[in-house]
$ cat target.cif   # mmCIF, C-alpha atoms
data_run
loop_
_atom_site.label_atom_id
_atom_site.label_comp_id
_atom_site.auth_asym_id
_atom_site.auth_seq_id
_atom_site.Cartn_x
_atom_site.Cartn_y
_atom_site.Cartn_z
CA MET A 1 39.63 16.87 -6.43
CA GLY A 2 39.58 15.71 -2.84
CA ASP A 3 38.14 17.46 0.18
CA LYS A 4 36.67 20.43 -1.66
CA HIS A 5 34.60 18.22 -3.94
CA ASP A 6 33.75 15.94 -1.01
CA THR A 7 32.43 18.81 1.10
CA ALA A 8 30.48 20.25 -1.80
CA THR A 9 28.82 16.92 -2.55
CA ARG A 10 27.92 16.23 1.05
CA GLN A 11 26.60 19.77 1.46
CA PHE A 12 24.49 19.11 -1.63
CA LEU A 13 23.03 15.94 -0.14
CA LEU A 14 20.97 17.53 2.63
CA PRO A 15 19.30 20.21 0.44
CA LEU A 16 18.50 17.53 -2.13
CA ALA A 17 16.98 15.33 0.55
CA THR A 18 15.03 18.31 1.89
CA CYS A 19 13.67 19.07 -1.59
CA LEU A 20 12.60 15.45 -1.99
CA VAL A 21 10.90 15.51 1.42
CA SER A 22 9.10 18.69 0.37
CA LEU A 23 7.97 17.02 -2.85
CA VAL A 24 6.78 13.99 -0.94
CA LEU A 25 4.93 16.25 1.49
CA SER A 26 3.29 18.33 -1.20
CA GLY A 27 -0.05 16.57 -0.84
CA CYS A 28 -0.68 17.50 2.77
CA GLY A 29 -4.00 16.53 4.35
CA PHE A 30 -5.00 16.57 7.98
CA ALA A 31 -1.86 14.86 9.30
CA SER A 32 1.50 13.89 7.83
CA PHE A 33 4.23 11.67 9.14
CA THR A 34 7.58 11.74 7.36
CA ARG A 35 10.84 10.03 8.00
CA LEU A 36 14.31 10.41 6.51
CA SER A 37 16.95 7.71 7.02
CA VAL A 38 20.56 7.81 5.89
CA ASN A 39 22.27 4.40 6.09
CA ASP A 40 21.34 1.74 8.60
CA PRO A 41 21.95 2.68 12.22
CA ILE A 42 24.76 0.91 14.08
CA LYS A 43 23.74 -0.12 17.58
CA PRO A 44 26.09 -0.56 20.57
CA GLU A 45 25.49 -4.33 20.47
CA ASP A 46 26.71 -4.40 16.85
CA VAL A 47 30.19 -3.23 17.85
CA THR A 48 30.90 -5.40 20.89
CA PHE A 49 33.21 -7.55 18.75
CA ILE A 50 35.75 -4.71 18.56
CA THR A 51 38.56 -5.32 21.04
CA PRO A 52 41.19 -2.58 21.34
CA GLY A 53 44.67 -3.89 20.52
CA LYS A 54 43.28 -6.91 18.69
CA THR A 55 40.59 -6.18 16.10
CA THR A 56 41.88 -5.15 12.66
CA LEU A 57 40.43 -2.82 10.04
CA ALA A 58 39.62 -5.81 7.83
CA GLU A 59 37.54 -7.37 10.63
CA VAL A 60 35.69 -4.12 11.26
CA ILE A 61 34.89 -3.76 7.56
CA ALA A 62 33.80 -7.41 7.35
CA LYS A 63 31.24 -6.85 10.14
CA LEU A 64 30.13 -3.24 9.65
CA GLY A 65 30.80 -2.67 5.95
CA THR A 66 32.86 0.07 4.37
CA PRO A 67 33.16 3.25 6.42
CA ASP A 68 31.91 6.60 5.15
CA GLU A 69 35.11 8.39 5.99
CA VAL A 70 38.78 7.70 6.74
CA ILE A 71 40.91 10.37 8.37
CA GLY A 72 44.68 10.09 8.76
CA LEU A 73 46.19 11.17 12.07
CA ASP A 74 49.45 13.12 12.34
CA ASP A 75 50.93 10.78 14.96
CA ALA A 76 50.48 7.68 12.76
CA GLY A 77 47.15 5.97 12.80
CA ALA A 78 43.75 6.70 11.37
CA VAL A 79 40.13 7.13 12.34
CA VAL A 80 37.32 5.53 10.34
CA SER A 81 33.78 6.86 10.69
CA TYR A 82 30.37 5.42 9.99
CA HIS A 83 27.67 8.08 9.56
CA PHE A 84 23.98 7.49 9.92
CA LEU A 85 20.97 9.72 10.39
CA ASP A 86 17.33 9.31 11.36
CA ALA A 87 14.92 12.23 11.11
CA LYS A 88 11.22 12.19 11.97
CA TYR A 89 8.69 14.90 11.28
CA ALA A 90 4.98 15.07 12.08
CA ARG A 91 2.53 17.77 11.00
CA ILE A 92 -1.14 18.17 11.89
CA ASN A 93 -3.35 20.84 10.37
CA TYR A 94 -6.19 21.30 12.86
CA GLY A 95 -7.82 23.82 10.55
CA TRP A 96 -8.14 21.29 7.74
CA PRO A 97 -11.63 19.99 8.73
CA LEU A 98 -12.94 23.58 8.70
CA GLN A 99 -12.69 23.62 4.89
CA PHE A 100 -15.94 21.66 4.85
CA VAL A 101 -17.86 24.34 6.77
CA SER A 102 -15.89 27.53 6.22
CA PRO A 103 -15.92 29.59 2.97
CA VAL A 104 -12.22 30.35 3.45
CA SER A 105 -9.39 27.93 4.03
CA VAL A 106 -8.07 28.10 7.59
CA ASP A 107 -4.77 26.52 8.61
CA MET A 108 -3.85 25.82 12.20
CA ILE A 109 -0.73 23.72 11.94
CA LEU A 110 1.24 22.14 14.74
CA ALA A 111 4.38 20.35 13.60
CA GLY A 112 7.57 19.04 15.05
CA GLY A 113 10.24 16.45 14.76
CA GLY A 114 13.80 15.59 15.52
CA LEU A 115 17.00 15.07 13.61
CA ALA A 116 19.28 12.44 15.08
CA THR A 117 22.72 12.21 13.55
CA ASP A 118 25.15 9.71 14.86
CA VAL A 119 28.71 8.77 14.00
CA PHE A 120 30.50 5.64 15.08
CA GLN A 121 34.27 6.07 15.06
CA VAL A 122 37.10 3.59 15.43
CA ALA A 123 40.68 4.78 15.89
CA PHE A 124 43.41 2.54 14.48
CA ASP A 125 47.15 2.45 15.12
CA SER A 126 49.83 2.42 12.42
CA GLN A 127 49.25 -1.33 11.85
CA TRP A 128 45.49 -0.85 11.32
CA VAL A 129 44.67 -2.44 14.68
CA ALA A 130 41.80 -0.83 16.65
CA ARG A 131 42.88 1.43 19.53
CA GLN A 132 39.59 2.96 20.61
CA GLN A 133 35.94 3.16 19.58
CA ALA A 134 33.11 5.54 20.37
CA PHE A 135 29.75 6.84 19.25
CA ALA A 136 29.98 10.56 18.61
CA LYS A 137 26.33 11.35 19.27
CA HIS A 138 23.14 9.52 20.05
CA VAL A 139 19.95 8.91 18.15
CA GLN A 140 17.37 9.71 20.83
CA ALA A 141 16.66 13.08 19.21
CA SER A 142 14.70 11.42 16.43
CA GLN A 143 11.03 11.45 17.41
CA TYR A 144 7.67 12.65 16.16
CA ARG A 145 6.57 15.73 18.10
CA LEU A 146 2.84 16.33 17.80
CA TRP A 147 3.02 19.04 20.47
CA PRO A 148 5.82 21.46 19.53
CA PHE A 149 5.65 23.51 22.75
CA LYS A 150 7.15 20.81 24.96
CA ASP A 151 10.79 21.53 25.91
CA ASP A 152 12.26 18.02 26.14
CA MET B 153 -22.50 -20.34 4.27
CA ARG B 154 -24.34 -17.27 2.98
CA GLU B 155 -23.33 -13.94 4.48
CA PRO B 156 -26.17 -11.95 5.98
CA GLN B 157 -27.27 -8.91 3.97
CA GLY B 158 -26.07 -6.55 6.73
CA VAL B 159 -22.50 -7.91 6.66
CA ARG B 160 -22.29 -7.49 2.88
CA TRP B 161 -23.51 -3.91 3.12
CA THR B 162 -20.95 -3.20 5.85
CA LEU B 163 -18.14 -4.67 3.75
CA ALA B 164 -19.24 -2.66 0.71
CA CYS B 165 -19.40 0.55 2.76
CA LEU B 166 -15.96 -0.12 4.26
CA THR B 167 -14.51 -0.75 0.79
CA LEU B 168 -16.02 2.50 -0.50
CA LEU B 169 -14.66 4.34 2.54
CA CYS B 170 -11.17 2.92 1.97
CA LEU B 171 -11.29 3.88 -1.72
CA SER B 172 -12.42 7.39 -0.88
CA LEU B 173 -9.52 7.74 1.54
CA ALA B 174 -6.93 6.55 -1.01
CA GLY B 175 -5.77 9.87 -2.38
CA GLY B 176 -2.65 8.67 -4.20
CA CYS B 177 0.95 7.78 -3.86
CA SER B 178 4.31 8.93 -5.12
CA PHE B 179 7.67 7.41 -5.91
CA ASN B 180 10.78 9.58 -6.04
CA ARG B 181 14.33 8.63 -6.90
CA GLY B 182 17.62 10.49 -6.91
CA THR B 183 21.29 9.63 -7.17
CA ILE B 184 24.55 11.44 -6.55
CA GLY B 185 27.54 10.13 -8.48
CA ASP B 186 27.89 7.39 -11.03
CA GLU B 187 27.23 3.75 -10.29
CA PHE B 188 30.39 1.66 -9.82
CA LYS B 189 30.87 -0.79 -12.66
CA GLN B 190 31.81 -4.21 -11.34
CA GLU B 191 34.34 -4.72 -14.13
CA ASP B 192 36.11 -1.43 -13.30
CA VAL B 193 36.44 -2.43 -9.65
CA ALA B 194 37.56 -5.95 -10.60
CA ALA B 195 40.20 -4.50 -12.93
CA ILE B 196 42.07 -3.01 -9.97
CA LYS B 197 44.55 -5.67 -8.86
CA LYS B 198 46.33 -5.64 -5.54
CA GLY B 199 50.12 -5.38 -5.92
CA VAL B 200 49.82 -4.73 -9.66
CA SER B 201 47.65 -1.72 -10.53
CA THR B 202 49.19 1.72 -10.27
CA ARG B 203 47.75 5.10 -9.29
CA THR B 204 47.50 6.06 -12.97
CA GLU B 205 45.61 2.90 -13.84
CA VAL B 206 43.19 3.44 -10.95
CA VAL B 207 42.45 7.00 -12.06
CA SER B 208 42.13 5.82 -15.65
CA ALA B 209 39.57 3.16 -14.68
CA LEU B 210 37.55 5.05 -12.06
CA GLY B 211 38.28 8.70 -12.71
CA ALA B 212 39.51 11.21 -10.17
CA PRO B 213 38.67 10.19 -6.61
CA ASP B 214 36.07 12.09 -4.61
CA ARG B 215 38.48 12.28 -1.72
CA VAL B 216 42.18 11.60 -1.09
CA VAL B 217 43.40 10.77 2.41
CA GLU B 218 46.90 10.12 3.73
CA ALA B 219 46.94 7.54 6.53
CA ASN B 220 49.49 5.07 7.88
CA GLY B 221 51.84 5.52 4.93
CA HIS B 222 49.05 4.94 2.45
CA GLU B 223 47.46 7.28 0.02
CA ILE B 224 43.78 6.35 0.09
CA PHE B 225 41.46 7.15 -2.81
CA GLN B 226 37.81 7.26 -1.81
CA TYR B 227 34.97 7.07 -4.32
CA TYR B 228 31.36 7.28 -3.25
CA ARG B 229 27.86 7.32 -4.62
CA TYR B 230 24.47 7.99 -3.02
CA ASP B 231 21.11 6.51 -3.95
CA ILE B 232 17.87 8.01 -2.67
CA LYS B 233 14.43 6.37 -2.73
CA ALA B 234 11.29 8.04 -1.42
CA LYS B 235 7.73 6.86 -1.33
CA GLY B 236 4.60 8.59 -0.11
CA LEU B 237 1.08 7.37 0.54
CA PHE B 238 -1.44 10.20 0.53
CA LEU B 239 -4.82 9.52 2.05
CA ILE B 240 -7.50 12.14 2.54
CA LEU B 241 -6.80 12.47 6.23
CA LEU B 242 -3.35 11.03 6.68
CA ASN B 243 -0.11 11.15 4.71
CA PHE B 244 2.81 8.83 5.26
CA SER B 245 6.16 9.17 3.55
CA ARG B 246 9.64 7.89 3.96
CA LEU B 247 12.89 8.82 2.31
CA ASN B 248 15.83 6.39 2.45
CA ILE B 249 19.39 7.26 1.51
CA LYS B 250 22.31 4.86 1.31
CA SER B 251 25.83 5.09 -0.03
CA ASP B 252 28.29 2.88 -1.87
CA ASP B 253 31.93 3.47 -0.97
CA LEU B 254 35.08 2.30 -2.68
CA TYR B 255 38.50 2.72 -1.05
CA VAL B 256 41.75 2.09 -2.88
CA PHE B 257 44.85 1.96 -0.66
CA LEU B 258 48.06 2.88 -2.50
CA ASN B 259 51.51 2.27 -1.05
CA LYS B 260 54.49 4.64 -1.18
CA ASN B 261 55.35 3.42 -4.69
CA GLY B 262 51.89 4.28 -5.96
CA VAL B 263 50.84 0.63 -6.30
CA VAL B 264 47.52 -0.69 -4.99
CA ASP B 265 47.84 -2.43 -1.61
CA GLU B 266 44.16 -2.98 -0.84
CA VAL B 267 40.73 -2.45 -2.39
CA VAL B 268 37.65 -2.19 -0.19
CA PHE B 269 34.24 -1.91 -1.79
CA GLY B 270 30.94 -1.75 0.05
CA LYS B 271 27.57 -1.64 -1.67
CA ARG B 272 24.79 -0.61 0.69
CA THR B 273 22.41 0.51 -2.04
CA ASP B 274 21.54 -3.10 -2.92
CA HIS B 275 19.33 -3.11 0.15
CA LEU B 276 17.74 0.29 -0.44
CA GLU B 277 13.94 0.05 -0.54
CA PHE B 278 10.95 2.20 -1.39
CA GLN B 279 9.02 2.48 1.89
CA PHE B 280 6.14 4.71 2.94
CA TRP B 281 5.53 3.49 6.50
CA PRO B 282 7.53 5.88 8.71
CA PHE B 283 7.25 3.98 12.00
CA GLY B 284 9.30 1.18 13.51
CA ASP B 285 12.90 0.30 12.62
#
$ encode --input "target.cif" --output "structure tokens"
Amino acid sequence: MGDKHDTATRQFLLPLATCLVSLVLSGCGFASFTRLSVNDPIKPEDVTFITPGKTTLAEVIAKLGTPDEVIGLDDAGAVVSYHFLDAKYARINYGWPLQFVSPVSVDMILAGGGLATDVFQVAFDSQWVARQQAFAKHVQASQYRLWPFKDD
Amino acid sequence: MREPQGVRWTLACLTLLCLSLAGGCSFNRGTIGDEFKQEDVAAIKKGVSTRTEVVSALGAPDRVVEANGHEIFQYYRYDIKAKGLFLILLNFSRLNIKSDDLYVFLNKNGVVDEVVFGKRTDHLEFQFWPFGD
């Protein structure tokens, strides 16, 4: 019960999603575009209503929904987290058209993508009043990369 | 007004081209955890239900957290919907995952103080178009 089961289930989620993506991608042609989304992203403008020292947990839940995680802090207080993820993947097989002229199948695949995970966290005091809020990461990493040799 | 012969031939050719490009599509579905029954959630009463009654109605929680003098039971469930459109040249697919979360806040006496239930999976859709928001 508890954290062990929680970790196991969440570890299971990504491989399951990957298997489903693989299944979805099984019919590859010349080009494929795939996207994986976990929960709806929360944008900075969605959280402007949170005022430290004033906004309560009930108000946060009313606007943003139930959090994905609640963590108790040793010095009284808690942190609630909202997780979301956006992953994009593009794949082009430049050898695919050669199947019409070549006796053997030739693959020349360029593929790339980005996995953007983001977490929005709100810290609450012992009375469940917001103390602080922050995005843990940013979602700019999620993009289709048709040229995988580019560094940025 | 009658369409000229050339326009009809063009439309027919375009239709044939579209049909030849339509390779197929797929729908995939997966879930993690059992769906929350509305009556089980409604049976948990604030200030009345005890820890034992909560576990009896919902089973063992997926996670237990201690915060602000509360013991918090968390239950969650994931729903996954994926759709793919496979054309001869191009494939588009999208996989959407959302979770439902139920939190039960128990006080020091083991009695329910608060119940918070959020159902995101109601808005989970099958989509194949991977662009845009």
$ resolve_selection --input "target.cif" --expression "the PyMOL selection byres ((chain A and resi 136) around 10)" --output "list in words"
Ser81, His83, Thr117, Asp118, Val119, Phe120, Gln121, Gln133, Ala134, Phe135, Lys137 and His138 of chain A
$ resolve_selection --input "target.cif" --expression "the PyMOL selection byres ((chain A) within 6 of (chain B))" --output "list in words"
Gly2, Asp3, Asp6, Val24, Gly29, Phe30, Ala31, Ser32, Phe33, Thr34, Arg35, Leu36, Ser37, Val38, Asn39, Gly65, Thr66, Gly72, Ala76, Gly77, Ala78 and Ser126 of chain A
$ residues_around --input "target.cif" --residues "Ala194 (chain B)" --least-positions-apart "4" --cutoff "10 Å" --atoms "all atoms listed in the file" --output "ChimeraX atom specification"
/B:189-190,267
$ resolve_selection --input "target.cif" --expression "the PyMOL selection byres ((chain A and resi 56-61) around 10)" --output "VMD selection string"
(chain A and resid 47 49 to 55 62 to 67 80 122 to 125 127 to 131) or (chain B and resid 268 to 270)
$ write_last_selection --input "target.cif" --atoms "C-alpha atoms" --output "compact mmCIF listing (two decimals), keeping the file's coordinate frame"
# COMPACT_ATOMS: atom_id res chain seq x y z
CA VAL A 47 30.19 -3.23 17.85
CA PHE A 49 33.21 -7.55 18.75
CA ILE A 50 35.75 -4.71 18.56
CA THR A 51 38.56 -5.32 21.04
CA PRO A 52 41.19 -2.58 21.34
CA GLY A 53 44.67 -3.89 20.52
CA LYS A 54 43.28 -6.91 18.69
CA THR A 55 40.59 -6.18 16.10
CA ALA A 62 33.80 -7.41 7.35
CA LYS A 63 31.24 -6.85 10.14
CA LEU A 64 30.13 -3.24 9.65
CA GLY A 65 30.80 -2.67 5.95
CA THR A 66 32.86 0.07 4.37
CA PRO A 67 33.16 3.25 6.42
CA VAL A 80 37.32 5.53 10.34
CA VAL A 122 37.10 3.59 15.43
CA ALA A 123 40.68 4.78 15.89
CA PHE A 124 43.41 2.54 14.48
CA ASP A 125 47.15 2.45 15.12
CA GLN A 127 49.25 -1.33 11.85
CA TRP A 128 45.49 -0.85 11.32
CA VAL A 129 44.67 -2.44 14.68
CA ALA A 130 41.80 -0.83 16.65
CA ARG A 131 42.88 1.43 19.53
CA VAL B 268 37.65 -2.19 -0.19
CA PHE B 269 34.24 -1.91 -1.79
CA GLY B 270 30.94 -1.75 0.05
$ atom_distance --input "target.cif" --atom1 "CA of Tyr94 (chain A)" --atom2 "CA of Phe278 (chain B)"
29.4 Å
$ residues_near_point --input "target.cif" --point "(38.7, 2.6, -13.1)" --cutoff "8 Å" --atoms "all atoms listed in the file" --output "count of residues only"
11
$ residues_around --input "target.cif" --residues "Val264 (chain B)" --least-positions-apart "5" --cutoff "6 Å" --atoms "all atoms listed in the file" --output "list in words"
Lys198, Gly199, Ser201, Phe257 and Leu258 of chain B
$ atom_distance --input "target.cif" --atom1 "CA of Tyr82 (chain A)" --atom2 "CA of Asp46 (chain A)"
12.5 Å
$ atom_distance --input "target.cif" --atom1 "CA of Asp68 (chain A)" --atom2 "CA of Gln132 (chain A)"
17.6 Å
$ residues_around --input "target.cif" --residues "region 98-111 of chain A" --least-positions-apart "6" --cutoff "9 Å" --atoms "only C-alpha atoms" --output "list in words"
Tyr89, Ala90, Arg91, Ile92, Tyr144, Arg145, Leu146, Trp147 and Pro148 of chain A
$ build_atoms --input "target.cif" --residues "region 192-206 of chain B" --atoms "N, CA and C atoms" --output "mmCIF file, keeping the file's coordinate frame"
data_model
loop_
_atom_site.group_PDB
_atom_site.id
_atom_site.type_symbol
_atom_site.label_atom_id
_atom_site.label_comp_id
_atom_site.auth_asym_id
_atom_site.auth_seq_id
_atom_site.Cartn_x
_atom_site.Cartn_y
_atom_site.Cartn_z
ATOM 1 N N ASP B 192 35.092 -2.440 -13.616
ATOM 2 C CA ASP B 192 36.110 -1.430 -13.300
ATOM 3 C C ASP B 192 36.758 -1.718 -11.952
ATOM 4 N N VAL B 193 35.915 -2.126 -10.989
ATOM 5 C CA VAL B 193 36.440 -2.430 -9.650
ATOM 6 C C VAL B 193 37.303 -3.694 -9.723
ATOM 7 N N ALA B 194 36.821 -4.678 -10.488
ATOM 8 C CA ALA B 194 37.560 -5.950 -10.600
ATOM 9 C C ALA B 194 38.897 -5.769 -11.332
ATOM 10 N N ALA B 195 38.971 -4.722 -12.159
ATOM 11 C CA ALA B 195 40.200 -4.500 -12.930
ATOM 12 C C ALA B 195 41.345 -3.997 -12.062
ATOM 13 N N ILE B 196 41.017 -3.507 -10.868
ATOM 14 C CA ILE B 196 42.070 -3.010 -9.970
ATOM 15 C C ILE B 196 42.651 -4.194 -9.199
ATOM 16 N N LYS B 197 43.900 -4.492 -9.465
ATOM 17 C CA LYS B 197 44.550 -5.670 -8.860
ATOM 18 C C LYS B 197 45.533 -5.237 -7.778
ATOM 19 N N LYS B 198 45.421 -5.916 -6.650
ATOM 20 C CA LYS B 198 46.330 -5.640 -5.540
ATOM 21 C C LYS B 198 47.770 -6.019 -5.925
ATOM 22 N N GLY B 199 48.701 -5.120 -5.651
ATOM 23 C CA GLY B 199 50.120 -5.380 -5.920
ATOM 24 C C GLY B 199 50.503 -5.198 -7.380
ATOM 25 N N VAL B 200 49.550 -4.867 -8.225
ATOM 26 C CA VAL B 200 49.820 -4.730 -9.660
ATOM 27 C C VAL B 200 49.425 -3.339 -10.181
ATOM 28 N N SER B 201 48.167 -2.973 -9.951
ATOM 29 C CA SER B 201 47.650 -1.720 -10.530
ATOM 30 C C SER B 201 48.352 -0.508 -9.909
ATOM 31 N N THR B 202 48.538 0.489 -10.733
ATOM 32 C CA THR B 202 49.190 1.720 -10.270
ATOM 33 C C THR B 202 48.157 2.836 -10.099
ATOM 34 N N ARG B 203 48.617 3.933 -9.497
ATOM 35 C CA ARG B 203 47.750 5.100 -9.290
ATOM 36 C C ARG B 203 47.138 5.556 -10.617
ATOM 37 N N THR B 204 47.967 5.608 -11.655
ATOM 38 C CA THR B 204 47.500 6.060 -12.970
ATOM 39 C C THR B 204 46.410 5.148 -13.515
ATOM 40 N N GLU B 205 46.606 3.861 -13.332
ATOM 41 C CA GLU B 205 45.610 2.900 -13.840
ATOM 42 C C GLU B 205 44.288 3.016 -13.075
ATOM 43 N N VAL B 206 44.401 3.283 -11.766
ATOM 44 C CA VAL B 206 43.190 3.440 -10.950
ATOM 45 C C VAL B 206 42.397 4.660 -11.430
#
